[in-house]
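File shown: model.txt. Contents: compact mmCIF, N, CA and C atoms.
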# COMPACT_ATOMS: atom_id res chain seq x y z
N MET A 539 27.65 58.72 37.13
CA MET A 539 27.71 58.17 35.80
C MET A 539 28.06 59.31 34.85
N ASP A 540 28.91 59.01 33.89
CA ASP A 540 29.29 59.99 32.88
C ASP A 540 28.48 59.76 31.61
N ILE A 541 28.01 60.85 31.02
CA ILE A 541 27.24 60.80 29.79
C ILE A 541 27.94 61.69 28.77
N LYS A 542 28.17 61.17 27.58
CA LYS A 542 28.71 61.96 26.47
C LYS A 542 27.67 61.96 25.36
N ILE A 543 27.37 63.16 24.85
CA ILE A 543 26.37 63.30 23.80
C ILE A 543 27.03 63.98 22.61
N GLY A 544 26.92 63.34 21.45
CA GLY A 544 27.44 63.89 20.21
C GLY A 544 26.31 64.46 19.38
N PHE A 545 26.61 65.51 18.63
CA PHE A 545 25.60 66.19 17.83
C PHE A 545 25.96 66.15 16.36
N THR A 546 24.94 66.17 15.51
CA THR A 546 25.15 66.09 14.07
C THR A 546 25.73 67.37 13.50
N ASP A 547 25.46 68.51 14.09
CA ASP A 547 25.90 69.79 13.53
C ASP A 547 27.04 70.43 14.30
N ASN A 548 27.74 69.65 15.14
CA ASN A 548 28.81 70.20 15.96
C ASN A 548 29.87 69.12 16.18
N PRO A 549 31.14 69.44 15.94
CA PRO A 549 32.19 68.43 16.13
C PRO A 549 32.49 68.13 17.60
N ARG A 550 32.07 68.99 18.50
CA ARG A 550 32.33 68.76 19.92
C ARG A 550 31.20 67.95 20.53
N GLU A 551 31.51 67.29 21.65
CA GLU A 551 30.49 66.54 22.37
C GLU A 551 30.26 67.18 23.73
N LEU A 552 29.09 66.93 24.27
CA LEU A 552 28.71 67.43 25.59
C LEU A 552 28.95 66.32 26.60
N ALA A 553 29.70 66.62 27.66
CA ALA A 553 29.97 65.64 28.72
C ALA A 553 29.25 66.08 29.99
N ILE A 554 28.46 65.17 30.55
CA ILE A 554 27.67 65.44 31.75
C ILE A 554 27.97 64.34 32.77
N SER A 555 28.14 64.73 34.04
CA SER A 555 28.26 63.77 35.13
C SER A 555 26.99 63.85 35.96
N THR A 556 26.37 62.71 36.20
CA THR A 556 25.11 62.68 36.93
C THR A 556 25.12 61.57 37.97
N ASP A 557 24.29 61.73 38.98
CA ASP A 557 24.17 60.72 40.02
C ASP A 557 23.10 59.69 39.69
N GLY A 558 22.35 59.91 38.61
CA GLY A 558 21.28 58.99 38.21
C GLY A 558 21.82 57.64 37.78
N ASP A 559 20.93 56.66 37.74
CA ASP A 559 21.38 55.34 37.31
C ASP A 559 21.26 55.20 35.79
N GLN A 560 22.00 54.28 35.25
CA GLN A 560 22.13 54.12 33.81
C GLN A 560 20.82 53.72 33.15
N ASP A 561 20.08 52.80 33.75
CA ASP A 561 18.84 52.32 33.15
C ASP A 561 17.79 53.42 33.02
N SER A 562 17.65 54.26 34.04
CA SER A 562 16.65 55.32 33.97
C SER A 562 17.03 56.37 32.93
N THR A 563 18.32 56.64 32.78
CA THR A 563 18.76 57.60 31.77
C THR A 563 18.53 57.06 30.37
N VAL A 564 18.84 55.78 30.15
CA VAL A 564 18.60 55.16 28.85
C VAL A 564 17.12 55.21 28.51
N ASN A 565 16.27 54.85 29.46
CA ASN A 565 14.83 54.86 29.23
C ASN A 565 14.31 56.27 28.96
N GLU A 566 14.83 57.25 29.68
CA GLU A 566 14.39 58.64 29.50
C GLU A 566 14.72 59.14 28.09
N VAL A 567 15.94 58.90 27.64
CA VAL A 567 16.35 59.35 26.30
C VAL A 567 15.62 58.55 25.23
N ARG A 568 15.53 57.25 25.39
CA ARG A 568 14.86 56.39 24.41
C ARG A 568 13.38 56.76 24.26
N ASP A 569 12.70 56.98 25.38
CA ASP A 569 11.28 57.34 25.34
C ASP A 569 11.06 58.69 24.67
N ALA A 570 11.93 59.65 24.96
CA ALA A 570 11.79 60.98 24.35
C ALA A 570 12.01 60.92 22.85
N LEU A 571 12.99 60.14 22.41
CA LEU A 571 13.24 60.02 20.96
C LEU A 571 12.12 59.26 20.27
N ALA A 572 11.60 58.22 20.91
CA ALA A 572 10.52 57.43 20.31
C ALA A 572 9.21 58.22 20.23
N ALA A 573 8.99 59.11 21.20
CA ALA A 573 7.76 59.90 21.22
C ALA A 573 7.82 61.09 20.28
N GLY A 574 8.98 61.32 19.69
CA GLY A 574 9.13 62.45 18.78
C GLY A 574 9.27 63.78 19.49
N SER A 575 9.75 63.77 20.72
CA SER A 575 9.96 65.01 21.46
C SER A 575 10.98 65.88 20.75
N LYS A 576 10.76 67.18 20.78
CA LYS A 576 11.69 68.10 20.15
C LYS A 576 12.86 68.43 21.08
N VAL A 577 12.62 68.33 22.40
CA VAL A 577 13.63 68.69 23.38
C VAL A 577 13.76 67.58 24.41
N ILE A 578 15.01 67.27 24.77
CA ILE A 578 15.29 66.30 25.84
C ILE A 578 15.98 67.07 26.96
N GLU A 579 15.52 66.86 28.18
CA GLU A 579 16.09 67.56 29.33
C GLU A 579 16.87 66.58 30.19
N LEU A 580 18.12 66.94 30.50
CA LEU A 580 18.96 66.15 31.40
C LEU A 580 19.52 67.08 32.48
N ALA A 581 19.86 66.52 33.64
CA ALA A 581 20.44 67.30 34.72
C ALA A 581 21.72 66.62 35.19
N ASP A 582 22.69 67.44 35.63
CA ASP A 582 23.94 66.87 36.13
C ASP A 582 23.93 66.87 37.65
N ASN A 583 25.03 66.39 38.24
CA ASN A 583 25.09 66.26 39.70
C ASN A 583 25.37 67.59 40.40
N ARG A 584 25.56 68.67 39.66
CA ARG A 584 25.74 70.00 40.25
C ARG A 584 24.47 70.84 40.17
N GLY A 585 23.40 70.24 39.69
CA GLY A 585 22.13 70.95 39.61
C GLY A 585 21.90 71.69 38.31
N ARG A 586 22.84 71.61 37.37
CA ARG A 586 22.64 72.27 36.07
C ARG A 586 21.72 71.43 35.22
N ARG A 587 20.87 72.11 34.44
CA ARG A 587 19.94 71.42 33.54
C ARG A 587 20.33 71.72 32.10
N TYR A 588 20.20 70.71 31.26
CA TYR A 588 20.56 70.81 29.85
C TYR A 588 19.33 70.51 29.01
N LEU A 589 19.02 71.40 28.08
CA LEU A 589 17.93 71.19 27.13
C LEU A 589 18.56 70.92 25.77
N LEU A 590 18.30 69.75 25.21
CA LEU A 590 18.95 69.33 23.97
C LEU A 590 17.91 69.17 22.88
N ARG A 591 18.21 69.68 21.70
CA ARG A 591 17.32 69.45 20.55
C ARG A 591 17.47 68.01 20.11
N ALA A 592 16.41 67.25 20.20
CA ALA A 592 16.46 65.81 19.93
C ALA A 592 16.88 65.52 18.50
N GLU A 593 16.49 66.35 17.56
CA GLU A 593 16.79 66.09 16.15
C GLU A 593 18.27 66.22 15.82
N THR A 594 19.06 66.85 16.68
CA THR A 594 20.49 67.03 16.40
C THR A 594 21.37 66.04 17.15
N ILE A 595 20.79 65.14 17.95
CA ILE A 595 21.59 64.17 18.70
C ILE A 595 22.03 63.05 17.76
N ALA A 596 23.35 62.85 17.68
CA ALA A 596 23.91 61.79 16.84
C ALA A 596 24.10 60.51 17.65
N TYR A 597 24.57 60.64 18.89
CA TYR A 597 24.78 59.47 19.74
C TYR A 597 24.78 59.88 21.21
N VAL A 598 24.54 58.91 22.08
CA VAL A 598 24.62 59.09 23.53
C VAL A 598 25.47 57.95 24.07
N GLU A 599 26.55 58.30 24.74
CA GLU A 599 27.45 57.31 25.34
C GLU A 599 27.32 57.38 26.85
N LEU A 600 26.98 56.26 27.47
CA LEU A 600 26.81 56.20 28.92
C LEU A 600 27.97 55.44 29.54
N GLY A 601 28.59 56.06 30.56
CA GLY A 601 29.70 55.41 31.25
C GLY A 601 29.20 54.47 32.32
N ALA A 602 30.12 53.92 33.06
CA ALA A 602 29.78 52.97 34.13
C ALA A 602 28.96 53.66 35.21
N SER A 603 28.00 52.94 35.75
CA SER A 603 27.15 53.52 36.79
C SER A 603 27.69 53.27 38.19
N THR A 604 28.83 52.59 38.30
CA THR A 604 29.45 52.36 39.60
C THR A 604 30.62 53.32 39.77
N ALA A 605 30.86 53.70 41.00
CA ALA A 605 31.96 54.63 41.29
C ALA A 605 33.30 53.92 41.13
N ARG A 606 34.24 54.67 40.58
CA ARG A 606 35.59 54.13 40.43
C ARG A 606 36.41 54.50 41.66
N PRO A 607 37.15 53.56 42.23
CA PRO A 607 37.96 53.88 43.40
C PRO A 607 39.13 54.80 43.03
N VAL A 608 39.44 55.69 43.93
CA VAL A 608 40.54 56.63 43.72
C VAL A 608 41.50 56.48 44.88
N GLY A 609 42.78 56.47 44.60
CA GLY A 609 43.77 56.40 45.66
C GLY A 609 44.85 55.39 45.35
N PHE A 610 45.66 55.15 46.33
CA PHE A 610 46.78 54.24 46.17
C PHE A 610 46.59 53.03 47.06
N VAL A 611 47.10 51.92 46.61
CA VAL A 611 47.05 50.69 47.39
C VAL A 611 48.43 50.46 47.98
N GLN A 612 48.47 50.29 49.28
CA GLN A 612 49.74 50.06 49.94
C GLN A 612 49.99 48.56 49.99
N GLY A 613 51.13 48.14 49.50
CA GLY A 613 51.36 46.71 49.44
C GLY A 613 52.68 46.26 49.90
Using structure tokens, write down the structure that the file contains.
Amino acid sequence: MDIKIGFTDNPRELAISTDGDQDSTVNEVRDALAAGSKVIELADNRGRRYLLRAETIAYVELGASTARPVGFVQG
């Protein structure tokens, strides 16, 4: 699943690819923001961890949680 995170103080966005499912990621971010956490931690599929200041997150965009097929169809 692809995750794009936009920040209030930066014109660039952070793009993360993860093997996690969409519902658990939504719940994790939503719970952290609702609890007033100062930092949100996410991990990608390469083992890198990201610590994000919750107060600077403008939006979180979650891509499809299913794999997209790659290749050519012979017809």
* Please work out which residues fall within 6 Å of (23.6, 61.7, 16.4), coordinates as given in the file, with all atoms listed in the file counting, and return them as an MDAnalysis selection string. => chainID A and resid 544:546 594:597
8 Å contact set for segment 571-587 of chain A, only N, CA and C atoms, chain neighbours under 6 positions out, as a PDB file with N, CA and C atoms, in the frame of the given file:
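Saved the output as selection22.pdb:
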ATOM      1  N   ILE A 554      28.460  65.170  30.550  1.00  0.00           N
ATOM      2  CA  ILE A 554      27.670  65.440  31.750  1.00  0.00           C
ATOM      3  C   ILE A 554      27.970  64.340  32.770  1.00  0.00           C
ATOM      4  N   SER A 555      28.140  64.730  34.040  1.00  0.00           N
ATOM      5  CA  SER A 555      28.260  63.770  35.130  1.00  0.00           C
ATOM      6  C   SER A 555      26.990  63.850  35.960  1.00  0.00           C
ATOM      7  N   THR A 556      26.370  62.710  36.200  1.00  0.00           N
ATOM      8  CA  THR A 556      25.110  62.680  36.930  1.00  0.00           C
ATOM      9  C   THR A 556      25.120  61.570  37.970  1.00  0.00           C
ATOM     10  N   ASP A 557      24.290  61.730  38.980  1.00  0.00           N
ATOM     11  CA  ASP A 557      24.170  60.720  40.020  1.00  0.00           C
ATOM     12  C   ASP A 557      23.100  59.690  39.690  1.00  0.00           C
ATOM     13  N   GLY A 558      22.350  59.910  38.610  1.00  0.00           N
ATOM     14  CA  GLY A 558      21.280  58.990  38.210  1.00  0.00           C
ATOM     15  C   GLY A 558      21.820  57.640  37.780  1.00  0.00           C
ATOM     16  N   ASN A 565      16.270  54.850  29.460  1.00  0.00           N
ATOM     17  CA  ASN A 565      14.830  54.860  29.230  1.00  0.00           C
ATOM     18  C   ASN A 565      14.310  56.270  28.960  1.00  0.00           C
ATOM     19  N   GLU A 593      16.490  66.350  17.560  1.00  0.00           N
ATOM     20  CA  GLU A 593      16.790  66.090  16.150  1.00  0.00           C
ATOM     21  C   GLU A 593      18.270  66.220  15.820  1.00  0.00           C
ATOM     22  N   THR A 594      19.060  66.850  16.680  1.00  0.00           N
ATOM     23  CA  THR A 594      20.490  67.030  16.400  1.00  0.00           C
ATOM     24  C   THR A 594      21.370  66.040  17.150  1.00  0.00           C
TER      25      THR A 594
END
* Asked: Just how far from atom C of Ile543 of chain A is atom N of Val564 of chain A, in Å to one decimal?
  ->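 Between atom N of Val564 of chain A and atom C of Ile543 of chain A the gap works out to 13.8 Å.
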* Structure fact -> Expressed in Å, the length from atom C of Ala602 of chain A to atom CA of Arg568 of chain A is 18.0 Å
Per DSSP on the backbone, filter chain A down to the residues in strand (DSSP E) and report them as a JSON list (two decimals) with N, CA and C atoms, in the frame of the given file.
[["chain", "number", "residue", "atom", "x", "y", "z"],
["A", 540, "ASP", "N", 28.91, 59.01, 33.89],
["A", 540, "ASP", "CA", 29.29, 59.99, 32.88],
["A", 540, "ASP", "C", 28.48, 59.76, 31.61],
["A", 541, "ILE", "N", 28.01, 60.85, 31.02],
["A", 541, "ILE", "CA", 27.24, 60.80, 29.79],
["A", 541, "ILE", "C", 27.94, 61.69, 28.77],
["A", 542, "LYS", "N", 28.17, 61.17, 27.58],
["A", 542, "LYS", "CA", 28.71, 61.96, 26.47],
["A", 542, "LYS", "C", 27.67, 61.96, 25.36],
["A", 543, "ILE", "N", 27.37, 63.16, 24.85],
["A", 543, "ILE", "CA", 26.37, 63.30, 23.80],
["A", 543, "ILE", "C", 27.03, 63.98, 22.61],
["A", 544, "GLY", "N", 26.92, 63.34, 21.45],
["A", 544, "GLY", "CA", 27.44, 63.89, 20.21],
["A", 544, "GLY", "C", 26.31, 64.46, 19.38],
["A", 545, "PHE", "N", 26.61, 65.51, 18.63],
["A", 545, "PHE", "CA", 25.60, 66.19, 17.83],
["A", 545, "PHE", "C", 25.96, 66.15, 16.36],
["A", 548, "ASN", "N", 27.74, 69.65, 15.14],
["A", 548, "ASN", "CA", 28.81, 70.20, 15.96],
["A", 548, "ASN", "C", 29.87, 69.12, 16.18],
["A", 549, "PRO", "N", 31.14, 69.44, 15.94],
["A", 549, "PRO", "CA", 32.19, 68.43, 16.13],
["A", 549, "PRO", "C", 32.49, 68.13, 17.60],
["A", 550, "ARG", "N", 32.07, 68.99, 18.50],
["A", 550, "ARG", "CA", 32.33, 68.76, 19.92],
["A", 550, "ARG", "C", 31.20, 67.95, 20.53],
["A", 551, "GLU", "N", 31.51, 67.29, 21.65],
["A", 551, "GLU", "CA", 30.49, 66.54, 22.37],
["A", 551, "GLU", "C", 30.26, 67.18, 23.73],
["A", 552, "LEU", "N", 29.09, 66.93, 24.27],
["A", 552, "LEU", "CA", 28.71, 67.43, 25.59],
["A", 552, "LEU", "C", 28.95, 66.32, 26.60],
["A", 553, "ALA", "N", 29.70, 66.62, 27.66],
["A", 553, "ALA", "CA", 29.97, 65.64, 28.72],
["A", 553, "ALA", "C", 29.25, 66.08, 29.99],
["A", 554, "ILE", "N", 28.46, 65.17, 30.55],
["A", 554, "ILE", "CA", 27.67, 65.44, 31.75],
["A", 554, "ILE", "C", 27.97, 64.34, 32.77],
["A", 555, "SER", "N", 28.14, 64.73, 34.04],
["A", 555, "SER", "CA", 28.26, 63.77, 35.13],
["A", 555, "SER", "C", 26.99, 63.85, 35.96],
["A", 577, "VAL", "N", 12.62, 68.33, 22.40],
["A", 577, "VAL", "CA", 13.63, 68.69, 23.38],
["A", 577, "VAL", "C", 13.76, 67.58, 24.41],
["A", 578, "ILE", "N", 15.01, 67.27, 24.77],
["A", 578, "ILE", "CA", 15.29, 66.30, 25.84],
["A", 578, "ILE", "C", 15.98, 67.07, 26.96],
["A", 579, "GLU", "N", 15.52, 66.86, 28.18],
["A", 579, "GLU", "CA", 16.09, 67.56, 29.33],
["A", 579, "GLU", "C", 16.87, 66.58, 30.19],
["A", 580, "LEU", "N", 18.12, 66.94, 30.50],
["A", 580, "LEU", "CA", 18.96, 66.15, 31.40],
["A", 580, "LEU", "C", 19.52, 67.08, 32.48],
["A", 581, "ALA", "N", 19.86, 66.52, 33.64],
["A", 581, "ALA", "CA", 20.44, 67.30, 34.72],
["A", 581, "ALA", "C", 21.72, 66.62, 35.19],
["A", 587, "ARG", "N", 20.87, 72.11, 34.44],
["A", 587, "ARG", "CA", 19.94, 71.42, 33.54],
["A", 587, "ARG", "C", 20.33, 71.72, 32.10],
["A", 588, "TYR", "N", 20.20, 70.71, 31.26],
["A", 588, "TYR", "CA", 20.56, 70.81, 29.85],
["A", 588, "TYR", "C", 19.33, 70.51, 29.01],
["A", 589, "LEU", "N", 19.02, 71.40, 28.08],
["A", 589, "LEU", "CA", 17.93, 71.19, 27.13],
["A", 589, "LEU", "C", 18.56, 70.92, 25.77],
["A", 590, "LEU", "N", 18.30, 69.75, 25.21],
["A", 590, "LEU", "CA", 18.95, 69.33, 23.97],
["A", 590, "LEU", "C", 17.91, 69.17, 22.88],
["A", 591, "ARG", "N", 18.21, 69.68, 21.70],
["A", 591, "ARG", "CA", 17.32, 69.45, 20.55],
["A", 591, "ARG", "C", 17.47, 68.01, 20.11],
["A", 595, "ILE", "N", 20.79, 65.14, 17.95],
["A", 595, "ILE", "CA", 21.59, 64.17, 18.70],
["A", 595, "ILE", "C", 22.03, 63.05, 17.76],
["A", 596, "ALA", "N", 23.35, 62.85, 17.68],
["A", 596, "ALA", "CA", 23.91, 61.79, 16.84],
["A", 596, "ALA", "C", 24.10, 60.51, 17.65],
["A", 597, "TYR", "N", 24.57, 60.64, 18.89],
["A", 597, "TYR", "CA", 24.78, 59.47, 19.74],
["A", 597, "TYR", "C", 24.78, 59.88, 21.21],
["A", 598, "VAL", "N", 24.54, 58.91, 22.08],
["A", 598, "VAL", "CA", 24.62, 59.09, 23.53],
["A", 598, "VAL", "C", 25.47, 57.95, 24.07],
["A", 599, "GLU", "N", 26.55, 58.30, 24.74],
["A", 599, "GLU", "CA", 27.45, 57.31, 25.34],
["A", 599, "GLU", "C", 27.32, 57.38, 26.85],
["A", 600, "LEU", "N", 26.98, 56.26, 27.47],
["A", 600, "LEU", "CA", 26.81, 56.20, 28.92],
["A", 600, "LEU", "C", 27.97, 55.44, 29.54]]
* Quick one, how far is atom C of Leu552 of chain A from atom CA of Val567 of chain A? ->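 Between atom C of Leu552 of chain A and atom CA of Val567 of chain A the gap is 14.4 Å.
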* alpha helix (DSSP H) call set, DSSP backbone run, chain A, as a PyMOL selection string -> chain A and resi 560-572
Create the file for the chosen residues now, containing N, CA and C atoms and written as a short mmCIF file (atom, residue, chain, number, x, y, z; two decimals), keeping the file's coordinate frame.
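Wrote out14.cif, looks like this:
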data_model
loop_
_atom_site.label_atom_id
_atom_site.label_comp_id
_atom_site.auth_asym_id
_atom_site.auth_seq_id
_atom_site.Cartn_x
_atom_site.Cartn_y
_atom_site.Cartn_z
N GLN A 560 22.00 54.28 35.25
CA GLN A 560 22.13 54.12 33.81
C GLN A 560 20.82 53.72 33.15
N ASP A 561 20.08 52.80 33.75
CA ASP A 561 18.84 52.32 33.15
C ASP A 561 17.79 53.42 33.02
N SER A 562 17.65 54.26 34.04
CA SER A 562 16.65 55.32 33.97
C SER A 562 17.03 56.37 32.93
N THR A 563 18.32 56.64 32.78
CA THR A 563 18.76 57.60 31.77
C THR A 563 18.53 57.06 30.37
N VAL A 564 18.84 55.78 30.15
CA VAL A 564 18.60 55.16 28.85
C VAL A 564 17.12 55.21 28.51
N ASN A 565 16.27 54.85 29.46
CA ASN A 565 14.83 54.86 29.23
C ASN A 565 14.31 56.27 28.96
N GLU A 566 14.83 57.25 29.68
CA GLU A 566 14.39 58.64 29.50
C GLU A 566 14.72 59.14 28.09
N VAL A 567 15.94 58.90 27.64
CA VAL A 567 16.35 59.35 26.30
C VAL A 567 15.62 58.55 25.23
N ARG A 568 15.53 57.25 25.39
CA ARG A 568 14.86 56.39 24.41
C ARG A 568 13.38 56.76 24.26
N ASP A 569 12.70 56.98 25.38
CA ASP A 569 11.28 57.34 25.34
C ASP A 569 11.06 58.69 24.67
N ALA A 570 11.93 59.65 24.96
CA ALA A 570 11.79 60.98 24.35
C ALA A 570 12.01 60.92 22.85
N LEU A 571 12.99 60.14 22.41
CA LEU A 571 13.24 60.02 20.96
C LEU A 571 12.12 59.26 20.27
N ALA A 572 11.60 58.22 20.91
CA ALA A 572 10.52 57.43 20.31
C ALA A 572 9.21 58.22 20.23
#
